[in-house]
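Student: Sending over work-v3.pdb (PDB, C-alpha atoms).
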ATOM      1  CA  MET U   2     145.580  -1.437-249.710
ATOM      2  CA  LYS U   3     148.241   1.076-250.826
ATOM      3  CA  LYS U   4     149.129   1.713-247.178
ATOM      4  CA  ILE U   5     149.503  -2.010-246.501
ATOM      5  CA  LEU U   6     151.715  -2.489-249.561
ATOM      6  CA  PHE U   7     153.829   0.530-248.581
ATOM      7  CA  ALA U   8     154.251  -0.785-245.023
ATOM      8  CA  VAL U   9     155.355  -4.216-246.262
ATOM      9  CA  VAL U  10     157.971  -2.697-248.555
ATOM     10  CA  ILE U  11     159.354  -0.357-245.875
ATOM     11  CA  ALA U  12     159.503  -3.073-243.204
ATOM     12  CA  ALA U  13     161.217  -5.530-245.512
ATOM     13  CA  SER U  14     163.714  -2.946-246.745
ATOM     14  CA  LEU U  15     165.019  -2.524-243.186
ATOM     15  CA  ILE U  16     166.151  -6.158-243.096
ATOM     16  CA  PRO U  17     169.750  -6.577-244.295
ATOM     17  CA  ALA U  18     169.321  -9.330-246.885
ATOM     18  CA  VAL U  19     169.607 -10.177-250.569
ATOM     19  CA  ALA U  20     166.350  -9.772-252.518
ATOM     20  CA  GLN U  21     165.321 -11.779-255.575
ATOM     21  CA  ASN U  22     162.688 -11.944-258.343
ATOM     22  CA  SER U  23     159.730 -14.301-258.669
ATOM     23  CA  ALA U  24     158.241 -13.559-262.135
ATOM     24  CA  GLY U  25     159.425 -13.203-265.715
ATOM     25  CA  ASP U  26     162.540 -14.473-267.492
ATOM     26  CA  ALA U  27     164.728 -13.088-264.685
ATOM     27  CA  ALA U  28     162.924 -15.044-261.958
ATOM     28  CA  ASN U  29     165.175 -16.970-259.582
ATOM     29  CA  ILE U  30     162.549 -17.834-256.957
ATOM     30  CA  GLU U  31     160.593 -21.055-257.396
ATOM     31  CA  PRO U  32     156.791 -20.627-257.318
ATOM     32  CA  ARG U  33     155.318 -22.542-254.383
ATOM     33  CA  TYR U  34     151.793 -22.200-255.757
ATOM     34  CA  ILE U  35     150.286 -21.434-259.137
ATOM     35  CA  ILE U  36     147.208 -19.672-257.709
ATOM     36  CA  ASP U  37     145.417 -22.047-255.333
ATOM     37  CA  THR U  38     147.213 -25.279-256.265
ATOM     38  CA  PRO U  39     150.698 -26.223-255.000
ATOM     39  CA  THR U  40     153.839 -26.888-257.013
ATOM     40  CA  ALA U  41     157.015 -28.773-256.105
ATOM     41  CA  GLY U  42     158.746 -25.400-255.633
ATOM     42  CA  LEU U  43     160.412 -24.382-252.371
ATOM     43  CA  LEU U  44     161.929 -21.319-250.810
ATOM     44  CA  LYS U  45     165.702 -21.465-250.635
ATOM     45  CA  ARG U  46     167.262 -22.192-247.273
ATOM     46  CA  GLY U  47     167.403 -18.941-245.297
ATOM     47  CA  ALA U  48     164.674 -17.243-247.368
ATOM     48  CA  PHE U  49     161.301 -16.041-246.133
ATOM     49  CA  SER U  50     158.163 -14.820-247.867
ATOM     50  CA  LEU U  51     155.527 -12.337-246.674
ATOM     51  CA  GLU U  52     152.260 -12.668-248.604
ATOM     52  CA  SER U  53     148.955 -10.794-248.628
ATOM     53  CA  ASN U  54     145.912 -11.996-250.570
ATOM     54  CA  PHE U  55     142.946  -9.674-251.146
ATOM     55  CA  PHE U  56     139.662 -11.277-252.240
ATOM     56  CA  GLN U  57     135.886 -10.739-252.412
ATOM     57  CA  ASP U  58     133.685  -9.668-249.456
ATOM     58  CA  GLY U  59     136.490  -7.526-248.042
ATOM     59  CA  GLY U  60     138.628 -10.616-247.548
ATOM     60  CA  LEU U  61     142.289 -10.508-246.593
ATOM     61  CA  MET U  62     144.727 -13.309-245.776
ATOM     62  CA  PHE U  63     148.318 -12.921-244.572
ATOM     63  CA  GLY U  64     150.983 -15.608-244.806
ATOM     64  CA  LEU U  65     154.551 -15.997-243.571
ATOM     65  CA  TYR U  66     156.691 -18.776-245.071
ATOM     66  CA  ALA U  67     160.333 -19.785-244.604
ATOM     67  CA  GLY U  68     162.898 -22.056-246.178
ATOM     68  CA  ALA U  69     164.132 -23.992-243.152
ATOM     69  CA  LEU U  70     166.278 -26.550-244.992
ATOM     70  CA  ASP U  71     167.344 -27.117-248.593
ATOM     71  CA  ARG U  72     164.371 -29.465-249.082
ATOM     72  CA  LEU U  73     161.896 -28.110-246.517
ATOM     73  CA  THR U  74     159.582 -25.085-246.560
ATOM     74  CA  PHE U  75     156.963 -24.321-243.916
ATOM     75  CA  GLY U  76     154.587 -21.490-243.130
ATOM     76  CA  ILE U  77     151.582 -20.133-241.308
ATOM     77  CA  SER U  78     148.643 -18.053-242.570
ATOM     78  CA  TYR U  79     145.546 -16.353-241.181
ATOM     79  CA  GLY U  80     142.713 -14.234-242.527
ATOM     80  CA  GLY U  81     139.023 -13.533-242.800
ATOM     81  CA  VAL U  82     136.308 -11.573-244.586
ATOM     82  CA  GLY U  83     134.920  -8.098-243.912
ATOM     83  CA  ILE U  84     138.389  -6.862-242.968
ATOM     84  CA  ILE U  85     138.315  -4.266-245.753
ATOM     85  CA  GLY U  86     135.121  -2.203-245.876
ATOM     86  CA  LYS U  87     132.467  -1.253-243.339
ATOM     87  CA  SER U  88     130.967  -4.656-242.473
ATOM     88  CA  SER U  89     131.975  -6.628-239.382
ATOM     89  CA  ALA U  90     135.096  -8.732-239.772
ATOM     90  CA  THR U  91     134.793 -12.516-239.475
ATOM     91  CA  MET U  92     138.094 -14.323-238.965
ATOM     92  CA  GLN U  93     138.861 -17.980-239.609
ATOM     93  CA  LYS U  94     138.847 -20.111-236.462
ATOM     94  CA  LEU U  95     142.444 -21.342-236.583
ATOM     95  CA  PRO U  96     145.572 -20.308-238.488
ATOM     96  CA  GLY U  97     146.467 -22.398-241.508
ATOM     97  CA  VAL U  98     149.724 -24.331-241.524
ATOM     98  CA  MET U  99     151.773 -25.554-244.476
ATOM     99  CA  VAL U 100     154.725 -27.951-244.609
ATOM    100  CA  LYS U 101     156.342 -29.093-247.867
ATOM    101  CA  TYR U 102     159.274 -31.462-248.356
ATOM    102  CA  ARG U 103     160.912 -32.114-251.732
ATOM    103  CA  LEU U 104     161.365 -35.827-252.324
ATOM    104  CA  PHE U 105     163.196 -35.559-255.674
ATOM    105  CA  ASP U 106     164.907 -32.682-257.441
ATOM    106  CA  GLU U 107     164.187 -31.977-261.097
ATOM    107  CA  SER U 108     166.425 -33.626-263.706
ATOM    108  CA  GLU U 109     166.465 -33.559-267.517
ATOM    109  CA  ALA U 110     164.192 -36.597-267.619
ATOM    110  CA  MET U 111     162.138 -36.293-264.434
ATOM    111  CA  PRO U 112     160.136 -33.526-262.717
ATOM    112  CA  ALA U 113     160.733 -32.320-259.195
ATOM    113  CA  ILE U 114     158.369 -34.046-256.764
ATOM    114  CA  ALA U 115     157.287 -32.728-253.358
ATOM    115  CA  PHE U 116     155.066 -34.045-250.569
ATOM    116  CA  GLY U 117     153.268 -31.809-248.110
ATOM    117  CA  PHE U 118     150.331 -30.743-245.990
ATOM    118  CA  ASP U 119     148.356 -27.477-246.163
ATOM    119  CA  SER U 120     145.348 -26.706-243.936
ATOM    120  CA  GLN U 121     144.724 -23.203-245.338
ATOM    121  CA  GLY U 122     141.659 -23.004-247.564
ATOM    122  CA  LYS U 123     140.738 -19.975-249.641
ATOM    123  CA  GLU U 124     137.987 -17.339-249.475
ATOM    124  CA  THR U 125     135.093 -17.460-246.978
ATOM    125  CA  TYR U 126     134.921 -20.134-244.259
ATOM    126  CA  ILE U 127     131.513 -21.884-244.195
ATOM    127  CA  ASP U 128     130.763 -22.766-240.556
ATOM    128  CA  SER U 129     127.835 -25.104-241.288
ATOM    129  CA  LEU U 130     130.016 -27.284-243.527
ATOM    130  CA  GLU U 131     133.272 -26.800-241.599
ATOM    131  CA  ARG U 132     135.135 -25.934-244.788
ATOM    132  CA  PHE U 133     136.418 -23.019-246.831
ATOM    133  CA  THR U 134     134.686 -21.991-250.056
ATOM    134  CA  ILE U 135     137.809 -23.355-251.791
ATOM    135  CA  LYS U 136     138.871 -26.359-249.752
ATOM    136  CA  SER U 137     142.339 -26.592-248.277
ATOM    137  CA  ARG U 138     144.663 -29.041-250.021
ATOM    138  CA  GLY U 139     145.273 -31.211-246.975
ATOM    139  CA  ILE U 140     147.812 -33.907-247.845
ATOM    140  CA  PHE U 141     149.245 -33.415-251.338
ATOM    141  CA  VAL U 142     151.867 -34.617-253.790
ATOM    142  CA  ALA U 143     152.978 -32.150-256.482
ATOM    143  CA  ALA U 144     155.293 -32.417-259.494
ATOM    144  CA  SER U 145     156.929 -29.607-261.514
ATOM    145  CA  LYS U 146     158.949 -29.584-264.764
ATOM    146  CA  ASN U 147     160.574 -26.553-266.395
ATOM    147  CA  TYR U 148     161.562 -25.995-270.011
ATOM    148  CA  SER U 149     163.375 -23.262-271.927
ATOM    149  CA  PHE U 150     160.931 -21.890-274.522
ATOM    150  CA  LEU U 151     160.979 -18.180-275.395
ATOM    151  CA  GLY U 152     161.991 -17.603-271.789
ATOM    152  CA  PHE U 153     160.724 -20.408-269.623
ATOM    153  CA  LEU U 154     157.680 -22.665-269.617
ATOM    154  CA  SER U 155     156.701 -24.696-266.550
ATOM    155  CA  PHE U 156     154.197 -27.502-266.093
ATOM    156  CA  HIS U 157     152.777 -28.529-262.720
ATOM    157  CA  GLY U 158     150.354 -31.128-261.463
ATOM    158  CA  GLY U 159     149.430 -33.269-258.508
ATOM    159  CA  VAL U 160     146.881 -34.936-256.281
ATOM    160  CA  ASN U 161     145.550 -34.073-252.826
ATOM    161  CA  TRP U 162     143.303 -35.349-250.053
ATOM    162  CA  SER U 163     141.553 -32.512-248.185
ATOM    163  CA  MET U 164     140.674 -32.859-244.504
ATOM    164  CA  GLU U 165     137.479 -30.837-245.074
ATOM    165  CA  LYS U 166     134.984 -33.675-245.602
ATOM    166  CA  LYS U 167     131.848 -32.810-243.617
ATOM    167  CA  ASP U 168     130.059 -31.808-246.842
ATOM    168  CA  GLY U 169     130.202 -35.463-247.933
ATOM    169  CA  ASP U 170     132.717 -34.934-250.771
ATOM    170  CA  LYS U 171     135.581 -37.169-249.635
ATOM    171  CA  ASP U 172     137.214 -38.024-252.966
ATOM    172  CA  MET U 173     140.833 -37.490-253.891
ATOM    173  CA  ASP U 174     141.332 -34.370-256.002
ATOM    174  CA  THR U 175     143.624 -33.683-258.986
ATOM    175  CA  PHE U 176     145.070 -30.433-260.338
ATOM    176  CA  VAL U 177     147.287 -29.154-263.174
ATOM    177  CA  GLY U 178     148.910 -25.795-263.897
ATOM    178  CA  ILE U 179     151.102 -23.891-266.366
ATOM    179  CA  GLU U 180     153.397 -20.867-265.989
ATOM    180  CA  LYS U 181     154.861 -18.959-268.956
ATOM    181  CA  SER U 182     157.249 -16.020-268.679
ATOM    182  CA  ILE U 183     156.510 -12.891-270.751
ATOM    183  CA  GLY U 184     159.615 -10.729-270.880
ATOM    184  CA  GLN U 185     161.910 -10.104-267.942
ATOM    185  CA  GLU U 186     159.325  -9.178-265.304
ATOM    186  CA  ILE U 187     155.938 -10.811-266.050
ATOM    187  CA  SER U 188     154.604 -14.367-265.984
ATOM    188  CA  PHE U 189     151.226 -15.696-267.104
ATOM    189  CA  ILE U 190     149.789 -18.501-264.969
ATOM    190  CA  THR U 191     146.770 -20.760-265.238
ATOM    191  CA  GLU U 192     145.527 -23.803-263.340
ATOM    192  CA  TYR U 193     142.654 -26.248-263.362
ATOM    193  CA  ASP U 194     141.456 -27.981-260.213
ATOM    194  CA  PHE U 195     139.230 -30.892-261.242
ATOM    195  CA  GLY U 196     137.202 -30.477-258.026
ATOM    196  CA  PHE U 197     136.472 -34.194-257.556
ATOM    197  CA  ASN U 198     136.081 -33.505-253.808
ATOM    198  CA  ASP U 199     133.768 -30.510-254.361
ATOM    199  CA  SER U 200     131.122 -31.555-256.852
ATOM    200  CA  HIS U 201     127.630 -31.328-255.322
ATOM    201  CA  VAL U 202     127.368 -28.997-252.280
ATOM    202  CA  VAL U 203     129.374 -25.838-253.009
ATOM    203  CA  GLY U 204     130.898 -26.798-256.362
ATOM    204  CA  GLN U 205     128.721 -27.769-259.335
ATOM    205  CA  GLY U 206     130.927 -30.480-260.843
ATOM    206  CA  LYS U 207     132.749 -28.222-263.340
ATOM    207  CA  GLY U 208     136.029 -27.884-261.486
ATOM    208  CA  TYR U 209     137.868 -24.601-260.913
ATOM    209  CA  LEU U 210     139.665 -22.814-263.748
ATOM    210  CA  ASN U 211     141.860 -19.891-262.636
ATOM    211  CA  ALA U 212     144.254 -17.600-264.518
ATOM    212  CA  GLY U 213     146.420 -14.642-263.635
ATOM    213  CA  LEU U 214     149.545 -12.536-264.032
ATOM    214  CA  ARG U 215     152.595 -12.101-261.804
ATOM    215  CA  TRP U 216     154.706  -8.955-262.089
ATOM    216  CA  SER U 217     158.075  -8.404-260.405
ATOM    217  CA  LEU U 218     157.832  -4.753-259.385
ATOM    218  CA  ALA U 219     161.250  -4.653-257.677
ATOM    219  CA  ASN U 220     163.772  -7.054-256.230
ATOM    220  CA  GLY U 221     161.823  -9.471-254.079
ATOM    221  CA  LEU U 222     158.480  -7.698-254.542
ATOM    222  CA  ALA U 223     155.818  -9.203-256.824
ATOM    223  CA  LEU U 224     152.224  -8.231-257.548
ATOM    224  CA  GLY U 225     149.664 -10.737-258.801
ATOM    225  CA  PHE U 226     146.213 -10.302-260.320
ATOM    226  CA  ASP U 227     144.032 -13.414-260.625
ATOM    227  CA  LEU U 228     140.708 -14.238-262.215
ATOM    228  CA  LYS U 229     139.287 -17.256-260.360
ATOM    229  CA  ASN U 230     136.440 -19.676-260.988
ATOM    230  CA  ILE U 231     136.187 -18.725-264.646
ATOM    231  CA  VAL U 232     133.831 -21.632-265.431
ATOM    232  CA  LYS U 233     131.428 -20.507-262.661
ATOM    233  CA  ASN U 234     131.581 -23.669-260.584
ATOM    234  CA  GLN U 235     129.440 -22.192-257.791
ATOM    235  CA  GLN U 236     125.923 -20.835-257.427
ATOM    236  CA  ASN U 237     125.239 -17.103-257.740
ATOM    237  CA  MET U 238     128.284 -16.543-259.958
ATOM    238  CA  THR U 239     127.994 -13.973-262.753
ATOM    239  CA  PHE U 240     131.716 -13.514-263.446
ATOM    240  CA  GLY U 241     134.990 -14.899-262.108
ATOM    241  CA  ASN U 242     136.313 -13.653-258.780
ATOM    242  CA  ARG U 243     139.011 -10.978-259.104
ATOM    243  CA  THR U 244     141.731 -11.234-256.488
ATOM    244  CA  LEU U 245     145.021  -9.473-255.760
ATOM    245  CA  LYS U 246     148.217 -10.891-254.291
ATOM    246  CA  VAL U 247     151.278  -9.086-252.918
ATOM    247  CA  GLU U 248     154.412 -11.125-252.188
ATOM    248  CA  TYR U 249     157.770 -10.113-250.767
ATOM    249  CA  VAL U 250     160.706 -12.556-250.620
ATOM    250  CA  ARG U 251     164.053 -12.003-248.929
ATOM    251  CA  THR U 252     167.083 -14.224-248.426
ATOM    252  CA  PHE U 253     169.484 -13.871-245.524
TER     253      PHE U 253
END
Could you express the structure from this file as structure tokens?
Tutor:
Amino acid sequence: MKKILFAVVIAASLIPAVAQNSAGDAANIEPRYIIDTPTAGLLKRGAFSLESNFFQDGGLMFGLYAGALDRLTFGISYGGVGIIGKSSATMQKLPGVMVKYRLFDESEAMPAIAFGFDSQGKETYIDSLERFTIKSRGIFVAASKNYSFLGFLSFHGGVNWSMEKKDGDKDMDTFVGIEKSIGQEISFITEYDFGFNDSHVVGQGKGYLNAGLRWSLANGLALGFDLKNIVKNQQNMTFGNRTLKVEYVRTF
């Protein structure tokens, strides 16, 4: 993992661009996700993000995202399990794609609102059910509102309709999230996915509660540690999943 992180930093440093920060009071990059749930945030036009997510069972997912227009961000991602470790690697069948368009910018009275599509689920892909352990968002609408409170405090929420329906859970889903800065470089984040579309096959009807920290290590480089599924909404869970995220953002 250290070698991968080192390679990302070196490769990105060779690109002549202006770097930015994505966590803490000094953050000037909008979060596009809390942990697994989307926000109304976008990358600025001309910016791109390289992301690596490390999760259980030797899992690893890479993502590349870009701000194409002032109101449009898109990206592609791909990963699998068994990539880290000695077991055989199993990759997801198709890359995930994400497109997000901001319908309304944030104002003093109203939140920012974005509409999008994301086919990338999280964790292991379950072939028999044709779904990820954590379903992809599919079509979603997300809203975000920021406040100045001992740094900044942000509230997020939305609804989504996943395309992964073979398990019989076809309901609309709902999610909420909070981000709070802690000093100049660190942010605390938490989210709750009600799991209405994942309540009787993989999920147990409790929803998914996740929490984590984001730390801006250097300009454009952020490290995240997350504790997922805290309420144990799946079988054979003894403690929440611990995952690691590395993100690098640059602006041309």
Student: If the PyMOL selection byres ((chain U and resi 36) around 8) were run on this exact file, what residues would it hold? Put them as a list of chain:residue names.
Tutor: U:Tyr34, U:Ile35, U:Asp37, U:Thr38, U:Pro39, U:Ile190, U:Thr191, U:Glu192, U:Asn211, U:Ala212, U:Gly213, U:Asp227
Student: Let's have the selection written as a tab-separated table (two decimals), in the frame of the given file, with C-alpha atoms.
Tutor:
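Now in selection.tsv:
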chain	number	residue	atom	x	y	z
U	34	TYR	CA	151.79	-22.20	-255.76
U	35	ILE	CA	150.29	-21.43	-259.14
U	37	ASP	CA	145.42	-22.05	-255.33
U	38	THR	CA	147.21	-25.28	-256.26
U	39	PRO	CA	150.70	-26.22	-255.00
U	190	ILE	CA	149.79	-18.50	-264.97
U	191	THR	CA	146.77	-20.76	-265.24
U	192	GLU	CA	145.53	-23.80	-263.34
U	211	ASN	CA	141.86	-19.89	-262.64
U	212	ALA	CA	144.25	-17.60	-264.52
U	213	GLY	CA	146.42	-14.64	-263.64
U	227	ASP	CA	144.03	-13.41	-260.62
Student: On this file, the PyMOL selection byres ((chain U and resi 125) around 7) gives some set of residues; write that set as an NGL selection string.
Tutor: :U and (81-82 or 123-124 or 126-127 or 133-134)
Student: Name the residues captured by the PyMOL selection byres ((chain U and resi 119) around 6) when it is applied to the shown file; answer as a list of chain:residue names.
Tutor: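 Against this file, the PyMOL selection byres ((chain U and resi 119) around 6) returns the residues U:Val98, U:Met99, U:Phe118, U:Ser120, U:Gln121, U:Arg138, U:Gly139.
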Student: If I wrap all listed atoms of segment 72-79 of chain U in a box with edges along x, y and z and add 6 Å on each side, what are its centre and edge lengths in Å to one decimal, as JSON?
Tutor:
{"center_x": 155.0, "center_y": -22.9, "center_z": -245.1, "size_x": 30.8, "size_y": 25.1, "size_z": 19.9}
Student: Pick the closest to Glu107 of chain U from U:Tyr209, U:Tyr66, U:Phe195, U:Tyr148: which is it, counting all atoms listed in the file?
Tutor: U:Tyr148
Student: Can you pull out the residues contacting Phe75 of chain U? Cut-off 10 Å, using only C-alpha atoms, and skip same-chain residues under 2 positions away; I want them as a short mmCIF file (atom, residue, chain, number, x, y, z; two decimals) with C-alpha atoms, in the coordinates of the input.
Tutor:
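The resulting file, around.cif, is reproduced below:
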data_model
loop_
_atom_site.label_atom_id
_atom_site.label_comp_id
_atom_site.auth_asym_id
_atom_site.auth_seq_id
_atom_site.Cartn_x
_atom_site.Cartn_y
_atom_site.Cartn_z
CA LEU U 43 160.41 -24.38 -252.37
CA LEU U 44 161.93 -21.32 -250.81
CA PHE U 49 161.30 -16.04 -246.13
CA LEU U 65 154.55 -16.00 -243.57
CA TYR U 66 156.69 -18.78 -245.07
CA ALA U 67 160.33 -19.78 -244.60
CA GLY U 68 162.90 -22.06 -246.18
CA ALA U 69 164.13 -23.99 -243.15
CA LEU U 70 166.28 -26.55 -244.99
CA LEU U 73 161.90 -28.11 -246.52
CA ILE U 77 151.58 -20.13 -241.31
CA VAL U 98 149.72 -24.33 -241.52
CA MET U 99 151.77 -25.55 -244.48
CA VAL U 100 154.72 -27.95 -244.61
CA LYS U 101 156.34 -29.09 -247.87
CA TYR U 102 159.27 -31.46 -248.36
CA GLY U 117 153.27 -31.81 -248.11
CA PHE U 118 150.33 -30.74 -245.99
CA ASP U 119 148.36 -27.48 -246.16
#
Student: Extract, using all atoms listed in the file, all DNA, RNA and protein residues at most 7 Å from Gly196 of chain U, discarding same-chain residues fewer than 5 positions from it, and format them as JSON, numbers by chain.
Tutor: {"U": [174, 206, 208, 209]}
Student: Could you please give me, as number ranges by chain, the residues of protein, DNA or RNA lying at most 10 Å from (168.2, -15.6, -265.5) in the coordinate frame of the file, considering only C-alpha atoms?
Tutor: U: 22, 25-29, 152-153, 185
Student: Just want the 6 Å neighbourhood of Ala24 of chain U, counted on only C-alpha atoms, with same-chain residues fewer than 3 positions away dropped. Output as a tab-separated table (two decimals) with C-alpha atoms, in the frame of the given file.
Tutor:
chain	number	residue	atom	x	y	z
U	28	ALA	CA	162.92	-15.04	-261.96
U	186	GLU	CA	159.32	-9.18	-265.30
U	187	ILE	CA	155.94	-10.81	-266.05
U	188	SER	CA	154.60	-14.37	-265.98
U	215	ARG	CA	152.60	-12.10	-261.80
U	216	TRP	CA	154.71	-8.96	-262.09
U	217	SER	CA	158.07	-8.40	-260.40
Student: So which residues touch Val142 of chain U within 6 Å, counting all atoms listed in the file, skipping near sequence neighbours fewer than 4 positions away, as number ranges by chain?
Tutor: U: 115-116, 159-160
Student: Determine the nearest neighbour of Asp128 of chain U from the options U:Leu51, U:Leu104, U:Met92, U:Ala219, counting only C-alpha atoms.
Tutor: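 Of U:Leu51, U:Leu104, U:Met92, U:Ala219, the one nearest Asp128 of chain U is U:Met92, counting only C-alpha atoms.
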Student: Atom CA of Ala143 of chain U and atom CA of His157 of chain U are how many Å apart?
Tutor: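 Interatomic distance, atom CA of Ala143 of chain U to atom CA of His157 of chain U: 7.2 Å.
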Student: Measuring between only C-alpha atoms, which one of U:Gly42, U:Gly86, U:Gln21, U:Ser129 shows the shortest distance to Asp106 of chain U?
Tutor: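 Smallest distance to Asp106 of chain U is found for U:Gly42.
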Student: In terms of the shortest atom-to-atom distance over only C-alpha atoms, which of U:Ile179, U:Leu228, U:Leu210, U:Met62 is closest to Ile85 of chain U?
Tutor: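 Comparing U:Ile179, U:Leu228, U:Leu210, U:Met62 against Ile85 of chain U, the winner is U:Met62.
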Student: What gap, in Å, lies between atom CA of Asp170 of chain U and atom CA of Val202 of chain U?
Tutor: 8.1 Å
Student: Quick one: distance from atom CA of Lys136 of chain U to atom CA of Glu165 of chain U in Å, one decimal?
Tutor: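 Computing the Euclidean distance for atom CA of Lys136 of chain U and atom CA of Glu165 of chain U yields 6.6 Å.
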Student: Tell me which protein, DNA and RNA residues are within 9 Å of segment 240-249 of chain U, counting only C-alpha atoms, leaving out same-chain ones fewer than 2 positions away, and put them as a compact mmCIF listing (two decimals) with C-alpha atoms, in the frame of the given file.
Tutor:
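Produced file around_11.txt, reproduced below:
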# COMPACT_ATOMS: atom_id res chain seq x y z
CA LEU U 6 151.72 -2.49 -249.56
CA VAL U 9 155.35 -4.22 -246.26
CA VAL U 10 157.97 -2.70 -248.56
CA ALA U 13 161.22 -5.53 -245.51
CA ALA U 20 166.35 -9.77 -252.52
CA SER U 23 159.73 -14.30 -258.67
CA PHE U 49 161.30 -16.04 -246.13
CA SER U 50 158.16 -14.82 -247.87
CA LEU U 51 155.53 -12.34 -246.67
CA GLU U 52 152.26 -12.67 -248.60
CA SER U 53 148.96 -10.79 -248.63
CA ASN U 54 145.91 -12.00 -250.57
CA PHE U 55 142.95 -9.67 -251.15
CA PHE U 56 139.66 -11.28 -252.24
CA GLN U 57 135.89 -10.74 -252.41
CA ASN U 211 141.86 -19.89 -262.64
CA ARG U 215 152.60 -12.10 -261.80
CA ASN U 220 163.77 -7.05 -256.23
CA GLY U 221 161.82 -9.47 -254.08
CA LEU U 222 158.48 -7.70 -254.54
CA ALA U 223 155.82 -9.20 -256.82
CA LEU U 224 152.22 -8.23 -257.55
CA GLY U 225 149.66 -10.74 -258.80
CA PHE U 226 146.21 -10.30 -260.32
CA ASP U 227 144.03 -13.41 -260.62
CA LEU U 228 140.71 -14.24 -262.21
CA LYS U 229 139.29 -17.26 -260.36
CA ASN U 230 136.44 -19.68 -260.99
CA ILE U 231 136.19 -18.73 -264.65
CA VAL U 232 133.83 -21.63 -265.43
CA LYS U 233 131.43 -20.51 -262.66
CA MET U 238 128.28 -16.54 -259.96
CA ARG U 251 164.05 -12.00 -248.93
Student: So, with all atoms listed in the file as the atoms that count, which of U:Met164, U:Ala144, U:Ala90, U:Ile30 lies closest to Val177 of chain U?
Tutor: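 Counting all atoms listed in the file, the residue closest to Val177 of chain U is U:Ala144.
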Student: Can you complete the atoms of segment 193-209 of chain U to N, CA and C atoms and list them as a PDB file, in the frame of the given file?
Tutor:
ATOM      1  N   TYR U 193     143.974 -25.630-263.379  1.00  0.00           N
ATOM      2  CA  TYR U 193     142.654 -26.248-263.362  1.00  0.00           C
ATOM      3  C   TYR U 193     142.613 -27.274-262.252  1.00  0.00           C
ATOM      4  N   ASP U 194     141.716 -27.054-261.302  1.00  0.00           N
ATOM      5  CA  ASP U 194     141.456 -27.981-260.213  1.00  0.00           C
ATOM      6  C   ASP U 194     140.208 -28.773-260.602  1.00  0.00           C
ATOM      7  N   PHE U 195     140.349 -30.084-260.764  1.00  0.00           N
ATOM      8  CA  PHE U 195     139.230 -30.892-261.242  1.00  0.00           C
ATOM      9  C   PHE U 195     138.062 -30.910-260.253  1.00  0.00           C
ATOM     10  N   GLY U 196     138.291 -30.604-258.987  1.00  0.00           N
ATOM     11  CA  GLY U 196     137.202 -30.477-258.026  1.00  0.00           C
ATOM     12  C   GLY U 196     136.450 -31.771-257.756  1.00  0.00           C
ATOM     13  N   PHE U 197     137.135 -32.916-257.815  1.00  0.00           N
ATOM     14  CA  PHE U 197     136.472 -34.194-257.556  1.00  0.00           C
ATOM     15  C   PHE U 197     135.924 -34.270-256.125  1.00  0.00           C
ATOM     16  N   ASN U 198     136.529 -33.514-255.204  1.00  0.00           N
ATOM     17  CA  ASN U 198     136.081 -33.505-253.808  1.00  0.00           C
ATOM     18  C   ASN U 198     135.170 -32.319-253.497  1.00  0.00           C
ATOM     19  N   ASP U 199     134.625 -31.685-254.554  1.00  0.00           N
ATOM     20  CA  ASP U 199     133.768 -30.510-254.361  1.00  0.00           C
ATOM     21  C   ASP U 199     132.791 -30.420-255.532  1.00  0.00           C
ATOM     22  N   SER U 200     131.911 -31.426-255.632  1.00  0.00           N
ATOM     23  CA  SER U 200     131.122 -31.555-256.852  1.00  0.00           C
ATOM     24  C   SER U 200     129.612 -31.457-256.677  1.00  0.00           C
ATOM     25  N   HIS U 201     129.096 -31.352-255.420  1.00  0.00           N
ATOM     26  CA  HIS U 201     127.630 -31.328-255.322  1.00  0.00           C
ATOM     27  C   HIS U 201     127.070 -30.471-254.194  1.00  0.00           C
ATOM     28  N   VAL U 202     127.890 -29.855-253.355  1.00  0.00           N
ATOM     29  CA  VAL U 202     127.368 -28.997-252.280  1.00  0.00           C
ATOM     30  C   VAL U 202     127.688 -27.531-252.578  1.00  0.00           C
ATOM     31  N   VAL U 203     128.955 -27.191-252.633  1.00  0.00           N
ATOM     32  CA  VAL U 203     129.374 -25.838-253.009  1.00  0.00           C
ATOM     33  C   VAL U 203     129.699 -25.798-254.499  1.00  0.00           C
ATOM     34  N   GLY U 204     130.567 -26.698-254.953  1.00  0.00           N
ATOM     35  CA  GLY U 204     130.898 -26.798-256.362  1.00  0.00           C
ATOM     36  C   GLY U 204     129.793 -27.479-257.154  1.00  0.00           C
ATOM     37  N   GLN U 205     129.771 -27.241-258.458  1.00  0.00           N
ATOM     38  CA  GLN U 205     128.721 -27.769-259.335  1.00  0.00           C
ATOM     39  C   GLN U 205     129.232 -28.836-260.302  1.00  0.00           C
ATOM     40  N   GLY U 206     130.406 -29.407-260.020  1.00  0.00           N
ATOM     41  CA  GLY U 206     130.927 -30.480-260.843  1.00  0.00           C
ATOM     42  C   GLY U 206     131.718 -30.032-262.053  1.00  0.00           C
ATOM     43  N   LYS U 207     132.013 -28.735-262.183  1.00  0.00           N
ATOM     44  CA  LYS U 207     132.749 -28.222-263.340  1.00  0.00           C
ATOM     45  C   LYS U 207     134.239 -28.066-263.080  1.00  0.00           C
ATOM     46  N   GLY U 208     134.648 -28.175-261.828  1.00  0.00           N
ATOM     47  CA  GLY U 208     136.029 -27.884-261.486  1.00  0.00           C
ATOM     48  C   GLY U 208     136.273 -26.388-261.412  1.00  0.00           C
ATOM     49  N   TYR U 209     137.516 -26.009-261.080  1.00  0.00           N
ATOM     50  CA  TYR U 209     137.868 -24.601-260.913  1.00  0.00           C
ATOM     51  C   TYR U 209     138.986 -24.237-261.880  1.00  0.00           C
TER      52      TYR U 209
END
